[in-house]
Amino acid sequence: MPLFLYLYFVERTGKIGVFDSGFGGLTILREFVDTFPMYDYVYLGDNARAPYGNKSFDLIYEYTLEGVKYLFDQGCELVILACNTASAKALRTIQQKDLPIIAPTKRVLGVIRPSTEEIGSLSRTGVVGILGTEGTVNSNSYGIELAKLSPKTTVIQQACPLWVPLIEEQAYDSAAGKLIIASDIKRLFDQNHEIDVIVLACTHYPILKSLIDSLVPSGVTVLSQGPLVAEKLKDYLIRHPEIEKRLTRGATLACYTTESSDYFNEHASEIFGQPLRAAHIQLN
Ligand code: DGL
């Protein structure tokens, strides 16, 4: 192959795509970059259309598929849906129906299965709390996965429909924001006081982790998904050397947002912990 063609394809492929409805996936991307700094990443936040959590199945599927196709066009070999709502509602259809047609050699993975694999063994009481969006909680994806992986675990779920809007609007630090967060946590524990492990089953929620830690009874462990998902990605790449060897190692990161890039850059950098510069794109 001529060198310029080779460089074109190397430049165009081999990246890891991370997709979220907005800022939340940055909490997963942070762990990926810390764990595997050598790979090339593309982040896409559909901030303009967030939140996804209270939208219909059809809309979440349509938006997520648009995001995945965009990331493939940017040269991603592997796309992680770093959004529980998209993982719950769109992942299976994309994997089974779309992928064989649009990109049979590429892979799309979600965050729910990797987050549930170790949870059961972390609880002493056997009662685990799940905080997520309405879409994630109503899908019962965590209940279904945990019933398979850890049948003795009791799963208590609480939807927190206002948390993502509070985060996307940067309003979670307000008195009203704190009241809403505290009342949803109380509703979780009112269902069962034995909960000793809580999974933040929405990638936006780790942004609230210190506030949540201060609101739960002492002895309760609050788990963010980032470390769990990064650990499982490591296992996945070991089990799938055919995917791993296609990943390029330029240590680059490109970010895209459907909102204005100024809006993204200001807030994303705070969440990610280092300056980020996104380009504005349109998905539809
Ligand atoms: N970060 C997404 C999740 O993990 C938030 C979904 C939303 O936009 O409501 O579910």
# chains A, B, ... in the order shown; residues from 1 in each chain; ligands from 1

call {"tool": "select_by_dssp", "arguments": {"residues": "segment 115-208 of chain A", "states": "alpha helix (DSSP H)", "output": "number ranges by chain"}}
result
A: 115-116, 119-122, 134-139, 141-149, 163-168, 175-191

call {"tool": "residues_around", "arguments": {"residues": "segment 69-74 of chain A", "least_positions_apart": "5", "cutoff": "8 Å", "atoms": "only C-alpha atoms", "output": "PyMOL selection string"}}
result
chain A and resi 12-13+17+42+44+79+283

call {"tool": "write_last_selection", "arguments": {"atoms": "N, CA, C and O atoms", "output": "compact mmCIF listing (two decimals), in the first residue's frame"}}
result
# COMPACT_ATOMS: atom_id res chain seq x y z
N ARG A 12 -6.96 7.25 10.40
CA ARG A 12 -8.42 7.20 10.45
C ARG A 12 -8.98 6.10 11.35
O ARG A 12 -10.16 6.06 11.59
N THR A 13 -8.17 5.14 11.74
CA THR A 13 -8.75 4.01 12.47
C THR A 13 -7.98 3.75 13.77
O THR A 13 -6.95 4.36 14.02
N GLY A 17 -13.74 5.06 21.03
CA GLY A 17 -14.77 6.10 21.14
C GLY A 17 -15.50 5.97 22.47
O GLY A 17 -15.77 4.86 22.94
N VAL A 42 -11.63 9.25 21.30
CA VAL A 42 -12.53 10.27 20.78
C VAL A 42 -13.74 10.30 21.72
O VAL A 42 -14.38 9.25 21.95
N LEU A 44 -17.51 11.84 22.57
CA LEU A 44 -18.65 12.56 22.01
C LEU A 44 -19.74 12.72 23.08
O LEU A 44 -20.26 11.73 23.60
N VAL A 79 -16.30 1.29 20.46
CA VAL A 79 -17.04 2.41 21.07
C VAL A 79 -17.63 1.91 22.39
O VAL A 79 -18.25 0.85 22.45
N LEU A 283 -25.48 16.12 14.98
CA LEU A 283 -25.62 14.68 14.71
C LEU A 283 -26.74 14.32 13.75
O LEU A 283 -26.76 13.26 13.19

call {"tool": "closest_atom_pairs", "arguments": {"of": "segment 32-95 of chain A", "to": "segment 247-267 of chain A", "cutoff": "7 Å", "atoms": "only C-alpha atoms", "output": "Markdown table"}}
result
| residue | atom | partner | partner_atom | distance |
| --- | --- | --- | --- | --- |
| A:Pro37 | CA | A:Ala251 | CA | 5.9 |
| A:Met38 | CA | A:Ala251 | CA | 4.5 |
| A:Tyr39 | CA | A:Arg249 | CA | 4.4 |
| A:Asp40 | CA | A:Thr252 | CA | 4.6 |
| A:Tyr41 | CA | A:Leu253 | CA | 4.7 |
| A:Val42 | CA | A:Ala254 | CA | 4.8 |
| A:Tyr43 | CA | A:Cys255 | CA | 4.6 |
| A:Leu44 | CA | A:Tyr256 | CA | 4.8 |
| A:Gly45 | CA | A:Thr257 | CA | 4.8 |
| A:Asp46 | CA | A:Thr258 | CA | 5.1 |
| A:Asn47 | CA | A:Glu259 | CA | 5.4 |
| A:Ala48 | CA | A:Glu259 | CA | 4.7 |

call {"tool": "write_last_selection", "arguments": {"atoms": "all heavy atoms", "output": "JSON list (two decimals), in the first residue's frame"}}
result
[["chain", "number", "residue", "atom", "x", "y", "z"],
["A", 37, "PRO", "N", -3.11, 5.12, 29.08],
["A", 37, "PRO", "CA", -2.80, 6.44, 28.50],
["A", 37, "PRO", "C", -2.30, 6.36, 27.07],
["A", 37, "PRO", "O", -2.30, 7.36, 26.35],
["A", 37, "PRO", "CB", -1.72, 6.99, 29.43],
["A", 37, "PRO", "CG", -1.17, 5.82, 30.17],
["A", 37, "PRO", "CD", -2.22, 4.76, 30.19],
["A", 38, "MET", "N", -1.91, 5.16, 26.63],
["A", 38, "MET", "CA", -1.27, 5.04, 25.32],
["A", 38, "MET", "C", -2.24, 5.06, 24.15],
["A", 38, "MET", "O", -1.86, 5.33, 23.02],
["A", 38, "MET", "CB", -0.42, 3.77, 25.25],
["A", 38, "MET", "CG", -1.18, 2.46, 25.38],
["A", 38, "MET", "SD", -1.79, 2.26, 27.07],
["A", 38, "MET", "CE", -2.16, 0.52, 27.13],
["A", 39, "TYR", "N", -3.53, 4.79, 24.38],
["A", 39, "TYR", "CA", -4.46, 4.68, 23.25],
["A", 39, "TYR", "C", -4.93, 6.06, 22.77],
["A", 39, "TYR", "O", -4.74, 7.07, 23.45],
["A", 39, "TYR", "CB", -5.68, 3.84, 23.64],
["A", 39, "TYR", "CG", -5.37, 2.39, 23.94],
["A", 39, "TYR", "CD1", -5.90, 1.76, 25.06],
["A", 39, "TYR", "CD2", -4.54, 1.65, 23.10],
["A", 39, "TYR", "CE1", -5.61, 0.42, 25.33],
["A", 39, "TYR", "CE2", -4.26, 0.31, 23.38],
["A", 39, "TYR", "CZ", -4.79, -0.28, 24.50],
["A", 39, "TYR", "OH", -4.50, -1.60, 24.77],
["A", 40, "ASP", "N", -5.58, 6.05, 21.61],
["A", 40, "ASP", "CA", -6.18, 7.27, 21.05],
["A", 40, "ASP", "C", -7.68, 7.25, 21.35],
["A", 40, "ASP", "O", -8.34, 6.24, 21.09],
["A", 40, "ASP", "CB", -5.95, 7.30, 19.53],
["A", 40, "ASP", "CG", -4.48, 7.43, 19.20],
["A", 40, "ASP", "OD1", -3.85, 8.41, 19.66],
["A", 40, "ASP", "OD2", -3.93, 6.53, 18.52],
["A", 41, "TYR", "N", -8.18, 8.38, 21.85],
["A", 41, "TYR", "CA", -9.59, 8.45, 22.27],
["A", 41, "TYR", "C", -10.34, 9.52, 21.51],
["A", 41, "TYR", "O", -9.78, 10.58, 21.17],
["A", 41, "TYR", "CB", -9.68, 8.77, 23.77],
["A", 41, "TYR", "CG", -9.09, 7.70, 24.64],
["A", 41, "TYR", "CD1", -7.76, 7.78, 25.06],
["A", 41, "TYR", "CD2", -9.86, 6.61, 25.04],
["A", 41, "TYR", "CE1", -7.21, 6.78, 25.86],
["A", 41, "TYR", "CE2", -9.31, 5.62, 25.85],
["A", 41, "TYR", "CZ", -7.99, 5.71, 26.25],
["A", 41, "TYR", "OH", -7.45, 4.73, 27.04],
["A", 42, "VAL", "N", -11.63, 9.25, 21.30],
["A", 42, "VAL", "CA", -12.53, 10.27, 20.78],
["A", 42, "VAL", "C", -13.74, 10.30, 21.72],
["A", 42, "VAL", "O", -14.38, 9.25, 21.95],
["A", 42, "VAL", "CB", -13.01, 9.96, 19.35],
["A", 42, "VAL", "CG1", -13.86, 11.11, 18.83],
["A", 42, "VAL", "CG2", -11.84, 9.71, 18.42],
["A", 43, "TYR", "N", -14.03, 11.46, 22.29],
["A", 43, "TYR", "CA", -15.19, 11.60, 23.18],
["A", 43, "TYR", "C", -16.29, 12.36, 22.46],
["A", 43, "TYR", "O", -16.03, 13.39, 21.82],
["A", 43, "TYR", "CB", -14.79, 12.38, 24.45],
["A", 43, "TYR", "CG", -15.94, 12.45, 25.45],
["A", 43, "TYR", "CD1", -16.17, 11.39, 26.31],
["A", 43, "TYR", "CD2", -16.78, 13.56, 25.50],
["A", 43, "TYR", "CE1", -17.23, 11.43, 27.22],
["A", 43, "TYR", "CE2", -17.84, 13.60, 26.40],
["A", 43, "TYR", "CZ", -18.05, 12.54, 27.26],
["A", 43, "TYR", "OH", -19.10, 12.57, 28.15],
["A", 44, "LEU", "N", -17.51, 11.84, 22.57],
["A", 44, "LEU", "CA", -18.65, 12.56, 22.01],
["A", 44, "LEU", "C", -19.74, 12.72, 23.08],
["A", 44, "LEU", "O", -20.26, 11.73, 23.60],
["A", 44, "LEU", "CB", -19.21, 11.79, 20.81],
["A", 44, "LEU", "CG", -20.53, 12.31, 20.22],
["A", 44, "LEU", "CD1", -20.42, 13.78, 19.82],
["A", 44, "LEU", "CD2", -20.94, 11.48, 19.02],
["A", 45, "GLY", "N", -20.05, 13.97, 23.40],
["A", 45, "GLY", "CA", -21.13, 14.27, 24.35],
["A", 45, "GLY", "C", -22.28, 14.92, 23.59],
["A", 45, "GLY", "O", -22.11, 15.95, 22.96],
["A", 46, "ASP", "N", -23.45, 14.28, 23.69],
["A", 46, "ASP", "CA", -24.63, 14.82, 22.99],
["A", 46, "ASP", "C", -25.33, 15.84, 23.91],
["A", 46, "ASP", "O", -26.54, 15.75, 24.14],
["A", 46, "ASP", "CB", -25.56, 13.66, 22.61],
["A", 46, "ASP", "CG", -26.65, 14.09, 21.63],
["A", 46, "ASP", "OD1", -26.59, 15.23, 21.15],
["A", 46, "ASP", "OD2", -27.55, 13.27, 21.38],
["A", 47, "ASN", "N", -24.55, 16.79, 24.41],
["A", 47, "ASN", "CA", -25.05, 17.74, 25.43],
["A", 47, "ASN", "C", -26.32, 18.47, 25.00],
["A", 47, "ASN", "O", -27.17, 18.77, 25.83],
["A", 47, "ASN", "CB", -23.98, 18.78, 25.76],
["A", 47, "ASN", "CG", -22.71, 18.18, 26.28],
["A", 47, "ASN", "OD1", -21.94, 17.61, 25.52],
["A", 47, "ASN", "ND2", -22.47, 18.28, 27.58],
["A", 48, "ALA", "N", -26.43, 18.75, 23.70],
["A", 48, "ALA", "CA", -27.58, 19.54, 23.24],
["A", 48, "ALA", "C", -28.88, 18.78, 23.43],
["A", 48, "ALA", "O", -29.94, 19.39, 23.55],
["A", 48, "ALA", "CB", -27.40, 19.91, 21.77]]

call {"tool": "atom_distance", "arguments": {"atom1": "atom 1 (N, counted along the ligand's line) of ligand 1", "atom2": "atom CA of Asp20 of chain A"}}
result
5.9 Å

call {"tool": "residues_near_ligand", "arguments": {"ligand": "ligand 1", "cutoff": "9 Å", "atoms": "only C-alpha atoms and all ligand atoms", "output": "MDAnalysis selection string"}}
result
chainID A and resid 20:25 46:47 49:55 81:88 111 132:136 161:165 168 200:205

call {"tool": "write_last_selection", "arguments": {"atoms": "N, CA and C atoms", "output": "compact mmCIF listing (two decimals), in the first residue's frame"}}
result
# COMPACT_ATOMS: atom_id res chain seq x y z
N ASP A 20 -21.53 9.63 25.38
CA ASP A 20 -22.46 9.89 26.49
C ASP A 20 -23.47 10.94 26.04
N SER A 21 -24.56 11.04 26.79
CA SER A 21 -25.56 12.06 26.49
C SER A 21 -25.01 13.46 26.78
N GLY A 22 -23.96 13.54 27.57
CA GLY A 22 -23.43 14.87 27.91
C GLY A 22 -22.06 14.76 28.56
N PHE A 23 -21.97 15.27 29.80
CA PHE A 23 -20.69 15.31 30.50
C PHE A 23 -20.35 14.01 31.24
N GLY A 24 -21.37 13.19 31.52
CA GLY A 24 -21.17 12.04 32.41
C GLY A 24 -20.08 11.09 31.97
N GLY A 25 -20.00 10.83 30.67
CA GLY A 25 -19.02 9.86 30.17
C GLY A 25 -17.58 10.29 30.43
N ASP A 46 -23.45 14.28 23.69
CA ASP A 46 -24.63 14.82 22.99
C ASP A 46 -25.33 15.84 23.91
N ASN A 47 -24.55 16.79 24.41
CA ASN A 47 -25.05 17.74 25.43
C ASN A 47 -26.32 18.47 25.00
N ARG A 49 -28.81 17.44 23.47
CA ARG A 49 -30.05 16.66 23.57
C ARG A 49 -30.17 15.93 24.91
N ALA A 50 -29.21 16.20 25.85
CA ALA A 50 -29.31 15.63 27.20
C ALA A 50 -30.43 16.38 27.93
N PRO A 51 -31.08 15.73 28.90
CA PRO A 51 -30.86 14.37 29.35
C PRO A 51 -31.58 13.33 28.49
N TYR A 52 -30.99 12.14 28.45
CA TYR A 52 -31.62 11.01 27.75
C TYR A 52 -32.59 10.25 28.68
N GLY A 53 -32.32 10.38 30.01
CA GLY A 53 -32.93 9.48 31.00
C GLY A 53 -34.44 9.38 30.95
N ASN A 54 -35.13 10.46 30.56
CA ASN A 54 -36.60 10.40 30.57
C ASN A 54 -37.16 10.36 29.14
N LYS A 55 -36.31 10.04 28.16
CA LYS A 55 -36.79 9.98 26.77
C LYS A 55 -37.24 8.56 26.41
N LEU A 81 -20.36 2.78 25.15
CA LEU A 81 -21.50 3.62 25.51
C LEU A 81 -21.35 3.92 27.00
N ALA A 82 -20.74 5.07 27.31
CA ALA A 82 -20.45 5.42 28.70
C ALA A 82 -21.67 6.10 29.30
N CYS A 83 -22.81 5.53 29.04
CA CYS A 83 -24.09 6.10 29.46
C CYS A 83 -24.98 4.91 29.76
N ASN A 84 -25.43 4.83 31.00
CA ASN A 84 -26.25 3.68 31.39
C ASN A 84 -27.56 3.64 30.64
N THR A 85 -28.13 4.83 30.43
CA THR A 85 -29.43 4.89 29.76
C THR A 85 -29.29 4.35 28.34
N ALA A 86 -28.25 4.77 27.63
CA ALA A 86 -28.02 4.27 26.27
C ALA A 86 -27.66 2.79 26.31
N SER A 87 -26.89 2.37 27.32
CA SER A 87 -26.53 0.95 27.44
C SER A 87 -27.78 0.11 27.68
N ALA A 88 -28.70 0.65 28.53
CA ALA A 88 -29.91 -0.10 28.85
C ALA A 88 -30.86 -0.17 27.66
N VAL A 111 -21.89 -0.16 29.73
CA VAL A 111 -21.31 -0.05 31.08
C VAL A 111 -22.08 -0.83 32.14
N GLY A 132 -30.10 5.67 39.51
CA GLY A 132 -29.94 5.86 38.07
C GLY A 132 -31.03 6.76 37.52
N THR A 133 -31.01 6.91 36.21
CA THR A 133 -32.05 7.71 35.56
C THR A 133 -33.35 6.89 35.51
N GLU A 134 -34.43 7.56 35.17
CA GLU A 134 -35.71 6.85 35.03
C GLU A 134 -35.59 5.72 34.01
N GLY A 135 -34.91 6.01 32.88
CA GLY A 135 -34.76 5.02 31.82
C GLY A 135 -34.03 3.78 32.31
N THR A 136 -32.94 3.99 33.04
CA THR A 136 -32.15 2.86 33.52
C THR A 136 -32.93 2.06 34.56
N PRO A 161 -34.59 11.54 38.57
CA PRO A 161 -34.76 12.18 37.26
C PRO A 161 -34.19 13.59 37.15
N LEU A 162 -33.97 14.24 38.30
CA LEU A 162 -33.48 15.63 38.20
C LEU A 162 -31.97 15.76 38.30
N TRP A 163 -31.29 14.68 38.60
CA TRP A 163 -29.85 14.82 38.84
C TRP A 163 -29.07 15.18 37.57
N VAL A 164 -29.39 14.53 36.46
CA VAL A 164 -28.64 14.85 35.23
C VAL A 164 -28.90 16.30 34.80
N PRO A 165 -30.19 16.76 34.77
CA PRO A 165 -30.39 18.19 34.46
C PRO A 165 -29.63 19.11 35.42
N GLU A 168 -26.00 18.90 34.22
CA GLU A 168 -25.78 19.54 32.90
C GLU A 168 -25.91 21.07 33.03
N LEU A 200 -23.54 4.04 41.71
CA LEU A 200 -23.94 5.24 40.96
C LEU A 200 -24.10 4.79 39.51
N ALA A 201 -25.34 4.36 39.18
CA ALA A 201 -25.59 3.72 37.89
C ALA A 201 -25.95 4.74 36.81
N CYS A 202 -25.28 5.85 36.87
CA CYS A 202 -25.39 6.89 35.85
C CYS A 202 -24.02 7.57 35.85
N THR A 203 -23.44 7.69 34.68
CA THR A 203 -22.06 8.17 34.64
C THR A 203 -21.93 9.64 35.01
N HIS A 204 -23.07 10.34 35.09
CA HIS A 204 -23.01 11.72 35.58
C HIS A 204 -22.80 11.78 37.11
N TYR A 205 -23.32 10.77 37.81
CA TYR A 205 -23.41 10.89 39.27
C TYR A 205 -22.08 10.97 40.01

call {"tool": "atom_distance", "arguments": {"atom1": "atom CA of Cys76 of chain A", "atom2": "atom CA of Ala103 of chain A"}}
result
10.7 Å

call {"tool": "select_by_dssp", "arguments": {"residues": "segment 232-279 of chain A", "states": "strand (DSSP E)", "output": "list in words"}}
result
Leu253, Ala254, Cys255, Tyr256, Thr257, Ala278 and Ala279 of chain A

call {"tool": "closest_residue", "arguments": {"among": "A:Thr116, A:Tyr236, A:Pro206, A:Pro217", "to": "Arg30 of chain A", "atoms": "only C-alpha atoms"}}
result
A:Pro206

call {"tool": "atom_distance", "arguments": {"atom1": "atom CA of Ile80 of chain A", "atom2": "atom CA of Val18 of chain A"}}
result
5.0 Å

call {"tool": "closest_residue", "arguments": {"among": "A:Gly129, A:Leu223, A:Leu146, A:Gln96", "to": "Ile185 of chain A", "atoms": "only C-alpha atoms"}}
result
A:Gly129

call {"tool": "closest_residue", "arguments": {"among": "A:Leu65, A:Phe36, A:Ala279, A:Leu149", "to": "Lys97 of chain A", "atoms": "only C-alpha atoms"}}
result
A:Leu65
